[in-house]
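Q: Below is a structure I'd like to ask you about.
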Amino acid sequence: MGEQPIFTTRAHVFQIDPSTKKNWVPASKQAVTVSYFYDSTRNSYRIISVDGAKVIINSTITPNMTFTKTSQKFGQWADSRANTVFGLGFPSEQQLTKFAEKFQEVKEAAKLARDRSQEKIETSSNHSQESGRETPSSTRASSVNGTDDEKASHGGPAEAHLKSENDKLKIALAQSSSNVKKWETELQTLRESNARLSTALQESAASIEHWKKQFSACKEENDQLRSKIEELEEQCNEINKEKERNAQLSRRLQELETELQDKELELEELRKQGEIIPELMSECESVSEQLQAAEKKNKDLEEKVRTLRTEVEESKHRQTNLKTELKNFLDVLDGKIDELHDFRQGLSKLGVDN
């Protein structure tokens, strides 16, 4: 039946840098198919991955291999036959866990197959050693016993045992020959794989140089783009500042337009008021004339007031004189009244006397 896939997944494939043994080198441009294969004829397991027509992983699983998770989505294992370290980057931690579990399962199966193969080799080796020990004894028996009858009577069971052992050795030899053919076939396959891997390694080296050049070009382009982005950011900042200034100017313009409208209203009112200015001027002249007349009248009135005040003063003075004269008159009148009273009393007395 040959090799059959028993597990398949997709991942990004990496190999350790052979020069530094530290950095990872991408073996695939994108995620590729990575499969476990089982060869029932050789009873062996391999991990194989192909990118287009290029074999990027051809790793035979041995019991000594270990798959190590170095992060949540990345794992690696070392292949001493290929003299490299393979790394796989998975889209999710779940896929990494499944691949690691399958690696452990295949590793245990490879260990079991190796143990069984060693048991078969040890069994065939023991059989060959037993037959080697028994053959000299039968020779000694035949040489000691001498006659053919003695050989028939004493050597029969030993020959039957030897025959069975020889049959077993023939079977073991046939199996060994078959195993040798298998090993030769596997060796040839490994040589072909090594040749393909060497070719792939050379292609990888050329691809690495190509990618290095592309990386340098991309880095330069990235630097240029960063410079352009910085320039654009500065321009955007300037544009934003200019927009802010324009917004301020727009607000100021609206305020000025509002003020202009207010001023126009005020001017219109002033124009309306200017139309009545002649009337106001004529009224003002009339009021001025009236004011002048009033001032003249006021002066005349003040003159009259001063005259009246003088007259009042004179009148007060005359009144004072009159009061003095009146008092004197009253005093004289009182004297006269008293004299008249005395006269009346005298008359009264005269009348009584008469």
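Chain identifiers are assigned as A, B, and so on, following the order in which chains appear in the structure tokens; residues are numbered from 1 within each chain, and ligands are numbered from 1 in order of appearance.
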Please identify all polymer residues within 9 Å of Val34 in chain A, counting only C-alpha atoms, omitting same-chain residues fewer than 6 positions from it, and present them as a PDB file with N, CA and C atoms, in the first residue's frame.
A:
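result-v8.pdb, freshly written:
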```
ATOM      1  N   PHE A   7      -2.667  12.200   9.215  1.00  0.00           N
ATOM      2  CA  PHE A   7      -3.051  13.458   9.869  1.00  0.00           C
ATOM      3  C   PHE A   7      -2.543  14.600   9.005  1.00  0.00           C
ATOM      4  N   THR A   8      -3.404  15.612   8.821  1.00  0.00           N
ATOM      5  CA  THR A   8      -3.050  16.744   7.961  1.00  0.00           C
ATOM      6  C   THR A   8      -3.499  18.045   8.618  1.00  0.00           C
ATOM      7  N   THR A   9      -2.667  19.055   8.518  1.00  0.00           N
ATOM      8  CA  THR A   9      -2.997  20.390   9.023  1.00  0.00           C
ATOM      9  C   THR A   9      -2.300  21.425   8.152  1.00  0.00           C
ATOM     10  N   ARG A  10      -2.466  22.683   8.465  1.00  0.00           N
ATOM     11  CA  ARG A  10      -1.821  23.772   7.728  1.00  0.00           C
ATOM     12  C   ARG A  10      -1.056  24.655   8.699  1.00  0.00           C
ATOM     13  N   ALA A  11       0.141  25.076   8.273  1.00  0.00           N
ATOM     14  CA  ALA A  11       0.978  25.916   9.143  1.00  0.00           C
ATOM     15  C   ALA A  11       2.031  26.615   8.295  1.00  0.00           C
ATOM     16  N   VAL A  13       5.880  27.217   7.701  1.00  0.00           N
ATOM     17  CA  VAL A  13       7.048  26.361   7.943  1.00  0.00           C
ATOM     18  C   VAL A  13       8.298  27.233   8.034  1.00  0.00           C
ATOM     19  N   ILE A  47       7.009  13.149   8.587  1.00  0.00           N
ATOM     20  CA  ILE A  47       6.293  14.418   8.417  1.00  0.00           C
ATOM     21  C   ILE A  47       6.750  15.005   7.092  1.00  0.00           C
ATOM     22  N   ILE A  48       5.805  15.274   6.214  1.00  0.00           N
ATOM     23  CA  ILE A  48       6.115  15.752   4.872  1.00  0.00           C
ATOM     24  C   ILE A  48       5.292  17.013   4.600  1.00  0.00           C
ATOM     25  N   SER A  49       5.950  18.006   3.996  1.00  0.00           N
ATOM     26  CA  SER A  49       5.269  19.223   3.561  1.00  0.00           C
ATOM     27  C   SER A  49       5.872  19.657   2.237  1.00  0.00           C
ATOM     28  N   VAL A  50       5.009  20.031   1.292  1.00  0.00           N
ATOM     29  CA  VAL A  50       5.431  20.419  -0.049  1.00  0.00           C
ATOM     30  C   VAL A  50       4.820  21.783  -0.364  1.00  0.00           C
ATOM     31  N   ILE A  57       9.682  19.912   3.980  1.00  0.00           N
ATOM     32  CA  ILE A  57       9.845  19.054   5.168  1.00  0.00           C
ATOM     33  C   ILE A  57       9.809  17.606   4.707  1.00  0.00           C
TER      34      ILE A  57
END
```
Q: Within 12 Å of Gln95 in chain A, counting only C-alpha atoms, which residues show up once you throw out same-chain ones fewer than 2 positions away? Write them as an NGL selection string, please.
A: :A and (7-11 or 34 or 69 or 72-75 or 88-93 or 97-102)
Q: When distances are computed from only C-alpha atoms, which of A:Ala78, A:Gly335, A:Gly87, A:Met65 shows the smallest separation from His12 in chain A?
A: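 Closest candidate: A:Gly87.
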Q: Calculated over only C-alpha atoms, which of the candidates A:Val25, A:Leu350, A:Val305, A:Ile61 has the smallest distance to Lys111 in chain A?
A: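 Closest to Lys111 in chain A, using only C-alpha atoms: A:Ile61.
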